[in-house]
$ cat work.cif   # mmCIF, C-alpha atoms
data_query
#
loop_
_atom_site.label_atom_id
_atom_site.label_comp_id
_atom_site.auth_asym_id
_atom_site.auth_seq_id
_atom_site.Cartn_x
_atom_site.Cartn_y
_atom_site.Cartn_z
CA MET A 128 -32.78 50.66 45.74
CA PRO A 129 -35.06 49.07 48.43
CA ALA A 130 -37.55 46.57 47.04
CA LEU A 131 -40.71 48.52 47.94
CA GLN A 132 -39.29 51.71 46.45
CA LEU A 133 -38.36 49.80 43.28
CA TYR A 134 -41.89 48.37 43.00
CA ASP A 135 -43.40 51.86 43.36
CA THR A 136 -40.98 53.18 40.75
CA LEU A 137 -41.84 50.47 38.23
CA LEU A 138 -45.58 50.95 38.75
CA ARG A 139 -45.24 54.55 37.54
CA PHE A 140 -44.60 53.13 34.06
CA THR A 141 -47.36 51.89 31.76
CA LEU A 142 -45.53 48.62 31.13
CA PHE A 143 -45.86 47.51 34.76
CA GLN A 144 -49.30 48.85 35.62
CA GLY A 145 -51.84 46.26 36.70
CA MET A 146 -49.16 43.97 38.13
CA GLY A 147 -49.65 42.79 41.71
CA HIS A 148 -47.03 42.71 44.45
CA ASP A 149 -46.37 38.99 43.94
CA GLU A 150 -45.87 39.45 40.20
CA LEU A 151 -43.51 42.37 40.76
CA GLU A 152 -41.57 40.35 43.32
CA GLN A 153 -41.16 37.49 40.83
CA LEU A 154 -40.27 39.91 38.05
CA VAL A 155 -37.57 41.72 40.01
CA ALA A 156 -36.14 38.50 41.46
CA GLY A 157 -35.98 36.81 38.06
CA MET A 158 -34.42 39.49 35.86
CA ARG A 159 -31.43 41.73 35.73
CA LEU A 160 -32.00 45.46 36.14
CA ASP A 161 -29.22 47.93 35.43
CA PHE A 162 -29.36 51.30 37.20
CA ILE A 163 -27.87 54.19 35.25
CA LYS A 164 -26.74 57.47 36.81
CA LEU A 165 -26.37 60.05 34.07
CA PRO A 166 -24.61 63.32 34.97
CA ARG A 167 -25.82 66.62 33.61
CA ALA A 168 -24.75 67.28 29.99
CA ALA A 169 -23.95 63.60 29.38
CA THR A 170 -25.38 61.87 26.29
CA LEU A 171 -27.52 58.80 26.82
CA LEU A 172 -28.01 57.96 23.13
CA HIS A 173 -26.88 59.46 19.86
CA GLU A 174 -29.12 59.27 16.83
CA GLY A 175 -28.29 56.01 15.07
CA ASP A 176 -26.98 54.21 18.17
CA PRO A 177 -28.20 50.60 18.51
CA VAL A 178 -31.12 50.23 20.92
CA GLY A 179 -30.55 46.92 22.67
CA ARG A 180 -32.37 47.60 25.92
CA LEU A 181 -35.46 49.18 27.38
CA LEU A 182 -34.67 52.50 29.08
CA LEU A 183 -36.93 53.93 31.79
CA LEU A 184 -36.31 57.51 32.92
CA THR A 185 -37.06 57.59 36.66
CA ASN A 186 -35.55 60.92 37.79
CA GLY A 187 -34.18 64.07 36.17
CA THR A 188 -34.81 65.50 32.72
CA LEU A 189 -33.49 64.74 29.24
CA ARG A 190 -33.34 66.80 26.08
CA ALA A 191 -34.48 64.84 23.04
CA VAL A 192 -33.38 66.15 19.63
CA THR A 193 -34.95 64.81 16.43
CA ARG A 194 -33.55 65.85 13.06
CA SER A 195 -35.15 65.64 9.64
CA ALA A 196 -33.74 63.05 7.24
CA ASP A 197 -31.96 65.73 5.20
CA ARG A 198 -30.76 67.57 8.37
CA GLY A 199 -32.72 70.63 7.27
CA TYR A 200 -34.43 71.22 10.61
CA ALA A 201 -34.66 69.78 14.12
CA VAL A 202 -37.04 69.62 17.07
CA ALA A 203 -35.74 69.69 20.64
CA GLU A 204 -37.95 68.91 23.62
CA GLN A 205 -37.72 68.21 27.32
CA ILE A 206 -38.46 64.71 28.57
CA ARG A 207 -39.58 64.20 32.16
CA PRO A 208 -40.14 61.02 34.18
CA PRO A 209 -41.75 58.61 34.13
CA PHE A 210 -40.82 58.12 30.49
CA THR A 211 -40.07 55.01 28.44
CA ILE A 212 -37.47 55.84 25.81
CA GLU A 213 -38.19 54.57 22.29
CA PRO A 214 -39.65 51.15 23.19
CA GLU A 215 -40.61 50.69 19.52
CA ARG A 216 -36.91 50.70 18.61
CA ILE A 217 -36.01 47.57 20.59
CA PHE A 218 -37.60 45.34 17.96
CA GLY A 219 -38.63 45.78 14.33
CA LEU A 220 -36.99 46.93 11.13
CA HIS A 221 -34.92 49.81 12.54
CA GLN A 222 -33.35 48.95 15.90
CA ALA A 223 -31.44 52.20 16.24
CA SER A 224 -32.28 55.41 18.05
CA ALA A 225 -34.15 57.99 16.00
CA ARG A 226 -33.03 60.79 18.31
CA THR A 227 -30.25 62.09 20.48
CA PHE A 228 -30.96 62.13 24.21
CA GLU A 229 -28.87 64.33 26.52
CA ALA A 230 -29.23 64.95 30.25
CA THR A 231 -30.21 68.52 31.21
CA THR A 232 -29.99 67.62 34.91
CA ASP A 233 -28.52 64.68 36.77
CA ALA A 234 -30.76 61.79 35.74
CA ASN A 235 -31.47 58.21 36.77
CA LEU A 236 -32.67 55.40 34.53
CA ILE A 237 -33.45 51.72 34.74
CA ALA A 238 -32.21 49.61 31.81
CA ILE A 239 -33.62 46.20 30.89
CA ASP A 240 -31.82 44.15 28.26
CA LYS A 241 -33.73 43.22 25.09
CA ALA A 242 -33.54 39.51 25.93
CA GLU A 243 -35.00 40.23 29.36
CA VAL A 244 -37.85 42.22 27.77
CA ALA A 245 -38.67 39.26 25.53
CA ALA A 246 -38.61 36.94 28.55
CA LEU A 247 -40.92 39.26 30.50
CA CYS A 248 -43.39 39.24 27.61
CA GLY A 249 -43.39 35.45 27.78
CA ARG A 250 -43.72 35.12 31.55
CA PHE A 251 -46.12 37.90 32.53
CA MET A 252 -49.38 38.47 30.70
CA SER A 253 -49.81 41.96 32.21
CA PHE A 254 -46.43 43.04 30.88
CA ARG A 255 -47.12 41.46 27.48
CA LEU A 256 -50.50 43.20 27.17
CA ASN A 257 -49.08 46.53 28.33
CA MET A 258 -46.29 46.30 25.76
CA ALA A 259 -48.77 45.40 23.00
CA ASN A 260 -51.13 48.20 24.02
CA MET A 261 -48.32 50.76 24.13
CA LEU A 262 -47.05 49.89 20.65
CA ALA A 263 -50.58 49.54 19.21
CA THR A 264 -51.60 52.95 20.58
CA GLN A 265 -48.50 54.53 19.07
CA THR A 266 -49.22 52.92 15.70
CA GLN A 267 -52.89 53.95 15.77
CA ARG A 268 -52.10 57.57 16.60
CA SER A 269 -49.60 57.72 13.77
CA ALA A 270 -52.09 56.23 11.30
CA ASP A 271 -55.01 58.38 12.51
CA SER A 272 -52.99 61.58 12.05
CA LEU A 273 -52.93 60.96 8.29
CA TRP A 274 -56.73 61.18 8.15
CA LEU A 275 -57.32 64.35 10.13
CA PRO A 276 -59.10 67.16 8.23
CA PRO A 277 -56.82 69.90 6.94
CA ALA A 278 -56.00 72.75 9.30
CA ALA A 279 -58.33 75.71 8.81
CA ASP A 280 -55.56 78.22 8.17
CA LEU A 281 -51.82 78.70 7.90
CA ALA A 282 -51.31 79.18 11.62
CA GLY A 283 -53.06 75.86 12.18
CA ARG A 284 -50.81 74.15 9.63
CA ILE A 285 -47.74 75.48 11.40
CA VAL A 286 -49.01 74.26 14.77
CA ARG A 287 -49.77 70.83 13.33
CA PHE A 288 -46.35 70.68 11.68
CA ILE A 289 -44.77 71.23 15.10
CA ALA A 290 -47.08 68.91 17.06
CA GLU A 291 -46.70 65.97 14.68
CA ARG A 292 -42.93 65.99 15.11
CA CYS A 293 -42.85 65.94 18.90
CA LEU A 294 -42.43 62.94 21.17
CA THR A 295 -44.85 64.31 23.75
CA ALA A 296 -47.90 66.53 23.43
CA ARG A 297 -46.98 68.72 26.40
CA GLY A 298 -44.21 70.97 27.62
CA PRO A 299 -41.63 73.27 26.05
CA LYS A 300 -40.35 72.71 22.50
CA GLU A 301 -37.73 74.28 20.26
CA ILE A 302 -38.02 74.06 16.49
CA HIS A 303 -34.76 74.88 14.74
CA ILE A 304 -35.81 75.77 11.23
CA MET A 305 -35.26 78.60 8.76
CA MET A 306 -38.26 80.54 7.48
CA GLU A 307 -37.80 79.35 3.91
CA ARG A 308 -37.80 75.70 4.98
CA LEU A 309 -40.90 76.15 7.15
CA ALA A 310 -42.68 77.83 4.22
CA TYR A 311 -41.77 74.84 2.05
CA GLU A 312 -43.01 72.37 4.67
CA VAL A 313 -46.41 74.06 5.08
CA ASN A 314 -46.73 74.82 1.35
CA ASP A 315 -46.99 78.61 1.56
CA SER A 316 -44.90 81.70 0.95
CA ARG A 317 -42.19 82.95 3.26
CA LEU A 318 -44.07 86.23 3.70
CA ASN A 319 -47.29 84.54 4.71
CA VAL A 320 -45.44 82.27 7.15
CA SER A 321 -43.74 85.30 8.67
CA ARG A 322 -47.14 86.95 9.21
CA ALA A 323 -48.65 83.81 10.71
CA LEU A 324 -45.72 83.45 13.11
CA ARG A 325 -46.08 87.09 14.09
CA GLY A 326 -49.73 86.47 14.92
CA LEU A 327 -48.82 83.50 17.10
CA ARG A 328 -46.07 85.50 18.77
CA GLU A 329 -48.35 88.46 19.49
CA ALA A 330 -50.89 86.06 21.01
CA GLY A 331 -48.17 84.86 23.40
CA MET A 332 -48.15 81.35 21.93
CA ILE A 333 -44.54 81.28 20.69
CA LYS A 334 -41.26 83.18 20.70
CA THR A 335 -39.11 83.51 17.60
CA THR A 336 -35.49 84.30 16.84
CA ARG A 337 -33.62 83.72 13.62
CA GLY A 338 -33.84 80.05 12.79
CA LYS A 339 -35.71 79.07 15.97
CA ILE A 340 -39.29 78.89 17.22
CA THR A 341 -39.75 78.41 20.96
CA VAL A 342 -42.97 77.01 22.40
CA ASP A 343 -43.35 77.27 26.19
CA ALA A 344 -46.24 74.78 26.39
CA LEU A 345 -47.26 72.74 23.36
CA GLU A 346 -50.59 71.77 24.95
CA ARG A 347 -51.57 75.44 25.19
CA LEU A 348 -50.56 76.11 21.60
CA ALA A 349 -52.36 73.03 20.25
CA GLU A 350 -55.59 73.87 22.07
CA ALA A 351 -55.67 77.59 21.27
CA PRO A 352 -58.33 78.89 18.86
CA LEU A 353 -56.06 80.11 16.07
CA ARG A 354 -56.84 82.76 13.52
CA ASN A 355 -54.65 83.45 10.54
CA PRO A 356 -54.02 87.22 10.36
CA LEU A 357 -54.08 87.10 6.53
#
$ encode --input "work.cif" --output "structure tokens"
Amino acid sequence: MPALQLYDTLLRFTLFQGMGHDELEQLVAGMRLDFIKLPRAATLLHEGDPVGRLLLLTNGTLRAVTRSADRGYAVAEQIRPPFTIEPERIFGLHQASARTFEATTDANLIAIDKAEVAALCGRFMSFRLNMANMLATQTQRSADSLWLPPAADLAGRIVRFIAERCLTARGPKEIHIMMERLAYEVNDSRLNVSRALRGLREAGMIKTTRGKITVDALERLAEAPLRNPL
């Protein structure tokens, strides 16, 4: 990849924003970058795989699948570039992927080894601050979600259940879950959950088939004024 094109590509990612041309030139010259070409239907990471490098999705789309601890349900979503894949998993207590990532189109990624990431944090203040800000923002959002007021109705609880389990707040999502399990998760009856889902479906917010809820655009669902039909 030509140098100027590589600089422009890196600047699309939060970790490199604010870096000048000279800094980027030093960064690229002083570290090893691996370029990954992932064919359609290939798996980038399986859940539980060690995460020993920073992965930057630059082209194409990935399908990210997250499963509950007891394997009782799963959320699948589409990941588009620019996207940094699980940066919080490079360091810390659990250095293994929490999800499975598969290519839905031919995809391109840049990989930076964990040791290189640590060196970049030491050499470049912009990179260090961007990394700290990214991880701090993620931690704050997770903590803040615990203190939100309860959803006003059952439909709102279902929407929040979905949104809290997604990597991104936008785009299409698939929730693979049986009605009985969803009722358990939102602390209501199966009948009431069925009625709430019907209301969301009739409003054009979701589609449902047995064991699956499809959301075309999570941002539209999350922002909609919901009313429980009960």
$ resolve_selection --input "work.cif" --expression "the PyMOL selection byres ((chain A and resi 245-253) around 10)" --output "PyMOL selection string"
chain A and resi 142-147+150-151+153-154+157-158+218+240-244+254-259
$ closest_residue --input "work.cif" --among "A:Arg287, A:Asn260, A:Phe162, A:Arg216" --to "Ser272 of chain A" --atoms "all atoms listed in the file"
A:Arg287
$ closest_residue --input "work.cif" --among "A:Ala310, A:Leu171, A:Leu275, A:Leu184" --to "Leu324 of chain A" --atoms "all atoms listed in the file"
A:Ala310
$ resolve_selection --input "work.cif" --expression "the PyMOL selection byres ((chain A and resi 186) around 9)" --output "PDB file with C-alpha atoms, keeping the file's coordinate frame"
ATOM      1  CA  LEU A 184     -36.310  57.510  32.920  1.00  0.00           C
ATOM      2  CA  THR A 185     -37.060  57.590  36.660  1.00  0.00           C
ATOM      3  CA  GLY A 187     -34.180  64.070  36.170  1.00  0.00           C
ATOM      4  CA  THR A 188     -34.810  65.500  32.720  1.00  0.00           C
ATOM      5  CA  ARG A 207     -39.580  64.200  32.160  1.00  0.00           C
ATOM      6  CA  PRO A 208     -40.140  61.020  34.180  1.00  0.00           C
ATOM      7  CA  PRO A 209     -41.750  58.610  34.130  1.00  0.00           C
ATOM      8  CA  ASP A 233     -28.520  64.680  36.770  1.00  0.00           C
ATOM      9  CA  ALA A 234     -30.760  61.790  35.740  1.00  0.00           C
ATOM     10  CA  ASN A 235     -31.470  58.210  36.770  1.00  0.00           C
ATOM     11  CA  LEU A 236     -32.670  55.400  34.530  1.00  0.00           C
TER      12      LEU A 236
END
$ residues_near_point --input "work.cif" --point "(-46.0, 79.2, 25.3)" --cutoff "8 Å" --atoms "all atoms listed in the file" --output "MDAnalysis selection string"
chainID A and resid 299 331:334 341:345 347:348
$ write_last_selection --input "work.cif" --atoms "C-alpha atoms" --output "PDB file, in the frame of the given file"
ATOM      1  CA  PRO A 299     -41.630  73.270  26.050  1.00  0.00           C
ATOM      2  CA  GLY A 331     -48.170  84.860  23.400  1.00  0.00           C
ATOM      3  CA  MET A 332     -48.150  81.350  21.930  1.00  0.00           C
ATOM      4  CA  ILE A 333     -44.540  81.280  20.690  1.00  0.00           C
ATOM      5  CA  LYS A 334     -41.260  83.180  20.700  1.00  0.00           C
ATOM      6  CA  THR A 341     -39.750  78.410  20.960  1.00  0.00           C
ATOM      7  CA  VAL A 342     -42.970  77.010  22.400  1.00  0.00           C
ATOM      8  CA  ASP A 343     -43.350  77.270  26.190  1.00  0.00           C
ATOM      9  CA  ALA A 344     -46.240  74.780  26.390  1.00  0.00           C
ATOM     10  CA  LEU A 345     -47.260  72.740  23.360  1.00  0.00           C
ATOM     11  CA  ARG A 347     -51.570  75.440  25.190  1.00  0.00           C
ATOM     12  CA  LEU A 348     -50.560  76.110  21.600  1.00  0.00           C
TER      13      LEU A 348
END
$ resolve_selection --input "work.cif" --expression "the PyMOL selection byres ((chain A and resi 193) around 8)" --output "list in words"
Ala191, Val192, Arg194, Ser195, Ala201, Val202, Ala203, Ala225, Arg226 and Thr227 of chain A
$ write_last_selection --input "work.cif" --atoms "C-alpha atoms" --output "short mmCIF file (atom, residue, chain, number, x, y, z; two decimals), in the frame of the given file"
data_model
loop_
_atom_site.label_atom_id
_atom_site.label_comp_id
_atom_site.auth_asym_id
_atom_site.auth_seq_id
_atom_site.Cartn_x
_atom_site.Cartn_y
_atom_site.Cartn_z
CA ALA A 191 -34.48 64.84 23.04
CA VAL A 192 -33.38 66.15 19.63
CA ARG A 194 -33.55 65.85 13.06
CA SER A 195 -35.15 65.64 9.64
CA ALA A 201 -34.66 69.78 14.12
CA VAL A 202 -37.04 69.62 17.07
CA ALA A 203 -35.74 69.69 20.64
CA ALA A 225 -34.15 57.99 16.00
CA ARG A 226 -33.03 60.79 18.31
CA THR A 227 -30.25 62.09 20.48
#
$ atom_distance --input "work.cif" --atom1 "atom CA of Ala290 of chain A" --atom2 "atom CA of Arg308 of chain A"
16.7 Å
$ atom_distance --input "work.cif" --atom1 "atom CA of Leu309 of chain A" --atom2 "atom CA of Glu346 of chain A"
20.7 Å
$ closest_residue --input "work.cif" --among "A:Asp161, A:Glu301, A:Glu229, A:Glu174" --to "Ala196 of chain A" --atoms "all atoms listed in the file"
A:Glu174
$ atom_distance --input "work.cif" --atom1 "atom CA of Ala130 of chain A" --atom2 "atom CA of Leu165 of chain A"
21.8 Å
